[in-house]
>>> print(open('work13.csv').read())   # CSV, C-alpha atoms and all ligand atoms
chain,number,residue,atom,x,y,z
A,556,MET,CA,36.3,175.6,-159.7
A,557,ILE,CA,33.3,173.5,-160.5
A,558,LEU,CA,32.6,174.3,-164.1
A,559,ARG,CA,29.5,172.2,-164.4
A,560,LYS,CA,27.0,171.6,-161.7
A,561,LYS,CA,25.5,168.2,-161.9
A,562,LEU,CA,21.9,168.0,-163.1
A,563,MET,CA,19.5,165.1,-162.3
A,564,ALA,CA,16.2,165.0,-164.2
A,565,GLY,CA,13.3,162.7,-163.7
A,566,ASN,CA,11.4,161.8,-166.9
A,567,TRP,CA,8.0,160.5,-165.6
A,568,LYS,CA,6.9,159.7,-169.2
A,569,MET,CA,3.1,158.8,-169.4
A,570,ASN,CA,2.8,158.0,-165.7
A,571,ARG,CA,0.9,159.5,-162.8
A,572,THR,CA,-2.4,161.3,-162.7
A,573,SER,CA,-2.2,164.9,-161.4
A,574,THR,CA,-3.0,163.8,-157.9
A,575,ASP,CA,-0.5,160.9,-157.9
A,576,ALA,CA,2.1,163.2,-159.4
A,577,VAL,CA,1.7,165.7,-156.6
A,578,ALA,CA,2.2,163.0,-154.0
A,579,LEU,CA,5.5,161.9,-155.7
A,580,ALA,CA,6.6,165.5,-156.0
A,581,GLN,CA,5.9,166.2,-152.3
A,582,GLU,CA,7.9,163.1,-151.3
A,583,ILE,CA,10.8,164.4,-153.4
A,584,VAL,CA,10.6,167.9,-151.9
A,585,VAL,CA,10.6,166.6,-148.3
A,586,ALA,CA,13.7,164.5,-149.0
A,587,ILE,CA,15.8,166.9,-151.2
A,588,GLY,CA,13.8,170.1,-151.7
A,589,LYS,CA,16.3,172.3,-150.0
A,590,GLN,CA,19.6,171.0,-151.3
A,591,ALA,CA,21.4,173.1,-153.9
A,592,GLU,CA,24.5,171.1,-154.7
A,593,VAL,CA,22.9,169.4,-157.6
A,594,ASP,CA,20.3,170.8,-160.0
A,595,VAL,CA,17.1,168.6,-159.8
A,596,VAL,CA,14.3,168.7,-162.4
A,597,VAL,CA,11.2,166.7,-162.5
A,598,CYS,CA,9.2,166.3,-165.8
A,599,PRO,CA,5.7,165.1,-165.2
A,600,PRO,CA,3.0,164.7,-167.9
A,601,PHE,CA,1.5,167.9,-169.2
A,602,THR,CA,-1.7,167.3,-167.2
A,603,ALA,CA,0.3,167.4,-163.9
A,604,LEU,CA,2.5,170.4,-164.7
A,605,GLU,CA,0.4,173.0,-162.9
A,606,SER,CA,-0.2,170.9,-159.7
A,607,VAL,CA,3.4,169.6,-159.5
A,608,GLY,CA,4.6,173.2,-160.1
A,609,LYS,CA,2.7,174.3,-157.0
A,610,ALA,CA,4.0,171.3,-155.0
A,611,LEU,CA,7.6,172.4,-155.9
A,612,ASP,CA,7.0,176.0,-154.9
A,613,GLY,CA,9.6,177.2,-152.4
A,614,SER,CA,11.9,174.2,-153.0
A,615,THR,CA,15.0,174.0,-155.2
A,616,VAL,CA,13.4,171.3,-157.4
A,617,LYS,CA,12.6,172.6,-160.9
A,618,LEU,CA,9.8,171.8,-163.2
A,619,GLY,CA,10.3,170.4,-166.7
A,620,ALA,CA,8.0,169.3,-169.5
A,621,GLN,CA,8.5,166.2,-171.7
A,622,ASN,CA,7.9,167.8,-175.1
A,623,MET,CA,6.5,170.9,-176.8
A,624,HIS,CA,5.6,172.2,-180.3
A,625,SER,CA,7.9,174.7,-182.1
A,626,GLU,CA,5.1,177.1,-182.8
A,627,VAL,CA,3.8,179.6,-180.2
A,628,SER,CA,0.1,179.0,-181.0
A,629,GLY,CA,-2.2,177.9,-183.8
A,630,ALA,CA,-4.1,175.0,-185.3
A,631,PHE,CA,-2.0,172.2,-183.9
A,632,THR,CA,-4.6,170.0,-182.2
A,633,GLY,CA,-3.2,168.2,-179.2
A,634,GLU,CA,0.0,170.2,-179.0
A,635,ILE,CA,1.5,172.5,-176.3
A,636,SER,CA,3.7,175.5,-176.8
A,637,ALA,CA,6.6,177.1,-175.0
A,638,PRO,CA,4.6,180.1,-173.6
A,639,MET,CA,2.1,177.6,-172.2
A,640,LEU,CA,4.9,175.8,-170.4
A,641,ARG,CA,6.3,179.1,-169.2
A,642,ALA,CA,2.9,180.0,-167.8
A,643,PHE,CA,3.3,177.0,-165.4
A,644,PHE,CA,6.8,178.2,-164.5
A,645,ALA,CA,8.5,175.3,-166.2
A,646,THR,CA,12.2,175.9,-166.7
A,647,HIS,CA,13.2,172.9,-168.7
A,648,VAL,CA,11.8,170.8,-171.6
A,649,ILE,CA,12.9,167.4,-172.8
A,650,LEU,CA,13.2,167.5,-176.6
A,651,GLY,CA,13.9,164.8,-179.2
A,652,HIS,CA,13.6,161.9,-176.8
A,653,SER,CA,14.0,158.6,-178.7
A,654,GLU,CA,10.4,157.7,-177.9
A,655,ARG,CA,9.3,160.9,-179.7
A,656,ARG,CA,11.7,160.1,-182.6
A,657,THR,CA,10.6,156.5,-182.9
A,658,TYR,CA,6.8,156.5,-182.1
A,659,PHE,CA,5.9,159.9,-183.3
A,660,GLY,CA,8.3,160.3,-186.2
A,661,GLU,CA,10.0,163.4,-185.0
A,662,SER,CA,12.8,164.4,-187.4
A,663,ASP,CA,16.1,166.2,-186.6
A,664,GLU,CA,14.7,169.2,-188.4
A,665,PHE,CA,11.6,169.4,-186.3
A,666,ILE,CA,13.5,168.8,-183.1
A,667,ASN,CA,15.9,171.6,-184.1
A,668,LYS,CA,12.9,174.0,-184.5
A,669,LYS,CA,11.8,173.1,-181.0
A,670,VAL,CA,15.3,173.6,-179.5
A,671,ILE,CA,15.4,177.1,-181.1
A,672,ALA,CA,11.8,177.9,-179.9
A,673,ALA,CA,12.6,176.7,-176.3
A,674,LEU,CA,15.7,178.9,-176.1
A,675,LYS,CA,13.7,181.9,-177.5
A,676,HIS,CA,11.2,181.5,-174.6
A,677,GLN,CA,13.8,181.0,-171.9
A,678,LEU,CA,13.3,177.3,-171.5
A,679,ARG,CA,16.3,175.1,-171.2
A,680,PRO,CA,16.1,172.2,-173.7
A,681,ILE,CA,17.2,168.8,-172.4
A,682,PHE,CA,18.0,167.7,-176.0
A,683,CYS,CA,18.3,163.9,-176.4
A,684,VAL,CA,20.5,162.0,-178.8
A,685,GLY,CA,21.5,158.3,-179.0
A,686,GLU,CA,22.0,155.3,-181.2
A,687,THR,CA,19.9,152.2,-181.6
A,688,LEU,CA,21.3,148.7,-180.9
A,689,ALA,CA,21.6,148.0,-184.6
A,690,GLU,CA,23.5,151.3,-185.1
A,691,ARG,CA,25.9,150.4,-182.3
A,692,GLU,CA,26.5,147.0,-183.7
A,693,ALA,CA,27.1,148.4,-187.1
A,694,GLY,CA,29.8,150.7,-185.6
A,695,ALA,CA,27.8,153.8,-186.4
A,696,THR,CA,27.3,155.2,-182.9
A,697,LEU,CA,29.5,158.3,-183.2
A,698,LYS,CA,28.2,159.1,-186.7
A,699,VAL,CA,24.6,158.9,-185.6
A,700,VAL,CA,25.2,161.0,-182.5
A,701,GLN,CA,27.1,163.5,-184.6
A,702,THR,CA,24.3,163.9,-187.1
A,703,GLN,CA,21.6,164.2,-184.4
A,704,THR,CA,23.7,166.7,-182.4
A,705,GLU,CA,24.7,168.9,-185.3
A,706,ARG,CA,21.3,169.0,-186.9
A,707,GLY,CA,19.5,169.5,-183.5
A,708,LEU,CA,21.7,172.4,-182.6
A,709,GLU,CA,21.8,174.1,-186.0
A,710,GLY,CA,21.4,177.9,-185.6
A,711,VAL,CA,21.8,177.9,-181.9
A,712,SER,CA,24.0,180.9,-180.9
A,713,LYS,CA,27.1,180.7,-178.8
A,714,GLU,CA,25.4,182.8,-176.2
A,715,LEU,CA,22.4,180.5,-175.8
A,716,ALA,CA,24.3,177.2,-176.2
A,717,THR,CA,25.3,177.2,-172.5
A,718,SER,CA,21.5,177.0,-171.7
A,719,VAL,CA,21.2,173.7,-173.6
A,720,VAL,CA,21.5,170.4,-171.7
A,721,ILE,CA,22.3,167.4,-173.8
A,722,ALA,CA,21.2,163.9,-172.8
A,723,TYR,CA,23.0,161.0,-174.4
A,724,GLU,CA,20.6,158.1,-174.2
A,725,PRO,CA,21.6,154.9,-176.0
A,726,VAL,CA,18.2,153.7,-177.2
A,727,TRP,CA,19.1,150.1,-176.4
A,728,ALA,CA,19.6,151.1,-172.7
A,729,ILE,CA,16.3,152.9,-172.2
A,730,GLY,CA,13.9,151.0,-170.0
A,731,THR,CA,15.7,147.7,-170.8
A,732,GLY,CA,17.9,147.4,-167.7
A,733,MET,CA,20.8,147.2,-170.2
A,734,VAL,CA,23.0,150.1,-169.0
A,735,ALA,CA,25.9,151.4,-171.1
A,736,THR,CA,29.2,150.7,-169.3
A,737,SER,CA,30.9,153.8,-167.9
A,738,GLU,CA,33.6,153.5,-170.6
A,739,GLN,CA,31.0,153.3,-173.4
A,740,ALA,CA,29.1,156.3,-172.0
A,741,GLN,CA,32.2,158.4,-171.3
A,742,GLU,CA,33.5,157.8,-174.9
A,743,VAL,CA,30.3,159.2,-176.4
A,744,HIS,CA,30.1,162.0,-173.9
A,745,ALA,CA,33.7,163.1,-174.7
A,746,PHE,CA,32.8,162.9,-178.4
A,747,ILE,CA,29.8,165.1,-177.9
A,748,ARG,CA,31.9,167.6,-176.0
A,749,SER,CA,34.4,167.6,-178.9
A,750,LEU,CA,31.5,168.4,-181.3
A,751,LEU,CA,30.4,171.2,-179.0
A,752,THR,CA,34.0,172.6,-179.1
A,753,LYS,CA,33.9,172.6,-182.9
A,754,LEU,CA,30.4,174.2,-183.0
A,755,PHE,CA,30.7,176.8,-180.1
A,756,GLY,CA,34.4,176.9,-179.0
A,757,GLU,CA,36.1,175.4,-176.0
A,758,HIS,CA,34.8,177.9,-173.4
A,759,VAL,CA,31.1,177.1,-174.2
A,760,ALA,CA,31.7,173.4,-174.6
A,761,GLN,CA,33.2,173.1,-171.1
A,762,LYS,CA,30.0,174.7,-169.7
A,763,VAL,CA,27.4,172.5,-171.4
A,764,ARG,CA,26.0,169.7,-169.3
A,765,ILE,CA,25.8,166.3,-170.9
A,766,LEU,CA,23.5,163.9,-169.1
A,767,TYR,CA,23.5,160.1,-169.4
A,768,GLY,CA,20.2,158.3,-169.7
A,769,GLY,CA,19.2,154.7,-170.0
A,770,SER,CA,18.5,152.4,-167.0
A,771,MET,CA,20.4,154.6,-164.6
A,772,LYS,CA,19.8,153.3,-161.0
A,773,SER,CA,21.6,153.4,-157.7
A,774,ALA,CA,23.7,150.3,-158.6
A,775,ASN,CA,25.4,152.0,-161.6
A,776,ALA,CA,25.0,155.7,-160.9
A,777,ALA,CA,28.1,156.3,-158.9
A,778,GLU,CA,30.4,154.9,-161.6
A,779,LEU,CA,28.6,156.7,-164.5
A,780,LEU,CA,28.5,160.0,-162.6
A,781,GLY,CA,32.1,159.7,-161.7
A,782,GLN,CA,33.1,160.0,-165.4
A,783,LYS,CA,34.8,163.2,-166.5
A,784,ASP,CA,32.2,164.2,-169.1
A,785,ILE,CA,29.0,162.8,-167.5
A,786,ASP,CA,27.3,165.7,-165.8
A,787,GLY,CA,24.2,164.1,-164.5
A,788,GLY,CA,21.3,161.8,-165.5
A,789,LEU,CA,18.0,161.7,-167.3
A,790,ILE,CA,16.1,159.1,-165.4
A,791,GLY,CA,13.0,157.3,-166.4
A,792,GLY,CA,12.0,154.2,-164.4
A,793,ALA,CA,14.0,155.0,-161.3
A,794,SER,CA,12.4,158.5,-161.1
A,795,LEU,CA,8.9,157.1,-160.5
A,796,GLU,CA,9.6,156.3,-156.8
A,797,ALA,CA,10.8,159.1,-154.6
A,798,ARG,CA,13.3,156.8,-152.8
A,799,SER,CA,15.2,155.6,-155.8
A,800,PHE,CA,15.2,159.1,-157.4
A,801,VAL,CA,16.5,160.6,-154.2
A,802,GLU,CA,19.2,158.0,-154.0
A,803,LEU,CA,20.4,159.0,-157.5
A,804,VAL,CA,20.4,162.7,-156.6
A,805,LYS,CA,22.5,161.8,-153.5
A,806,ALA,CA,24.9,159.8,-155.8
A,807,ALA,CA,25.3,162.9,-157.9
A,808,THR,CA,26.0,165.0,-154.8
A,809,VAL,CA,29.0,162.9,-153.9
A,810,ALA,CA,30.3,162.2,-157.4
A,811,LYS,CA,33.0,164.6,-158.3
B,1,LIG,P1,15.0,154.7,-168.1
B,1,LIG,O1,14.5,155.9,-169.1
B,1,LIG,O2,15.8,155.3,-167.0
B,1,LIG,O3,13.7,154.1,-167.7
B,1,LIG,O4,15.9,153.8,-168.9
B,1,LIG,C1,15.4,156.9,-169.4
B,1,LIG,C2,14.7,157.9,-170.4
B,1,LIG,O5,14.0,157.4,-171.3
B,1,LIG,O6,14.9,159.1,-170.3
>>> encode(input="work13.csv", output="structure tokens")
Amino acid sequence: MILRKKLMAGNWKMNRTSTDAVALAQEIVVAIGKQAEVDVVVCPPFTALESVGKALDGSTVKLGAQNMHSEVSGAFTGEISAPMLRAFFATHVILGHSERRTYFGESDEFINKKVIAALKHQLRPIFCVGETLAEREAGATLKVVQTQTERGLEGVSKELATSVVIAYEPVWAIGTGMVATSEQAQEVHAFIRSLLTKLFGEHVAQKVRILYGGSMKSANAAELLGQKDIDGGLIGGASLEARSFVELVKAATVAK
């Protein structure tokens, strides 16, 4: 029995106008829009959510956002809420990406509020954790990942925990071409699963998908995706071209 269906998510970051995003989405749909062996999610910028959502209509490719606020509405200039994402039929939302933590000062506490809010509104959080290079070199990787995971998931019920997707993204591997070795990644993924076991019990922990992110490309995908606790990928750079993204989805299809 396959306990965890692989999930491949494209994080388009601050790239593509609405028109360009639709073109990319259409290419992806033509190539893999009917396959159901792997869950596929694309996360365009907010401004392209509606148009990309329409381009995905009738395909198996799902729509995700890259961030949201924890409140439903109110005086939060420039922010977007969970119900607004749901209105565009988004099913996933990336939360706590290291670029949000680093450039926008997002704390574990704020990210935790967002995780809770996303779950409350039937959005699956793709909740990101990961250490910096300095933290890895100081031998603090597992400690950092533990703190981020525990704080980010505080108050999440056992029932809703299986809707959470975790993305382990070593900060030093994001956009740098420096990918974690499959051993380095597997070690942290197994550790995260052991934390989930402590928090939610074995049954739930075995169901939660843990993605790897950080310079994933076709040259390293098969080995990473072949690891026992690596259940997919969160892909930045390689998701901006349909061909490279589709190759990664195909790699996930054959990885067992
Ligand atoms: P990358 O980005 O694939 O370009 O390293 C991954 C991410 O930031 O999610």
>>> residues_around(input="work13.csv", residues="A:Gly791", least_positions_apart="6", cutoff="9 Å", atoms="all atoms listed in the file", output="count of residues only")
11
>>> residues_near_point(input="work13.csv", point="(29.9, 164.2, -160.9)", cutoff="6 Å", atoms="all atoms listed in the file", output="number ranges by chain")
A: 780-781, 786, 807, 810-811
>>> atom_distance(input="work13.csv", atom1="atom CA of A:Glu582", atom2="atom CA of A:Gln677")
27.9 Å
>>> residues_around(input="work13.csv", residues="stretch 665-673 of chain A", least_positions_apart="5", cutoff="10 Å", atoms="only C-alpha atoms", output="ChimeraX atom specification")
/A:622-627,636-638,640-641,646-652,655-656,660,678-683,703-712,715,719
>>> closest_residue(input="work13.csv", among="A:Asn570, A:Thr615, A:His676, A:Thr808", to="ligand LIG 1 (chain B)", atoms="only C-alpha atoms and all ligand atoms")
A:Asn570
>>> closest_residue(input="work13.csv", among="A:Ser794, A:Leu803, A:Lys560, A:Gly787", to="A:Ala580", atoms="only C-alpha atoms")
A:Ser794
>>> closest_residue(input="work13.csv", among="A:Thr717, A:Thr687, A:Ser653, A:Ser773", to="ligand LIG 1 (chain B)", atoms="only C-alpha atoms and all ligand atoms")
A:Ser653
>>> residues_around(input="work13.csv", residues="A:Glu690", least_positions_apart="5", cutoff="10 Å", atoms="only C-alpha atoms", output="MDAnalysis selection string")
chainID A and resid 685 695:699 725:727
>>> closest_residue(input="work13.csv", among="A:Val595, A:Ile785, A:Val759, A:Val577", to="A:Lys617", atoms="all atoms listed in the file")
A:Val595
>>> closest_residue(input="work13.csv", among="A:Ile583, A:Ile790, A:Val616, A:Leu611", to="ligand LIG 1 (chain B)", atoms="only C-alpha atoms and all ligand atoms")
A:Ile790
>>> atom_distance(input="work13.csv", atom1="atom CA of A:Glu742", atom2="atom CA of A:Gly694")
13.4 Å
>>> atom_distance(input="work13.csv", atom1="atom CA of A:Thr736", atom2="atom CA of A:Tyr723")
13.1 Å
>>> closest_residue(input="work13.csv", among="A:Arg571, A:Ser628, A:Phe643, A:Asp594", to="A:Lys609", atoms="only C-alpha atoms")
A:Phe643
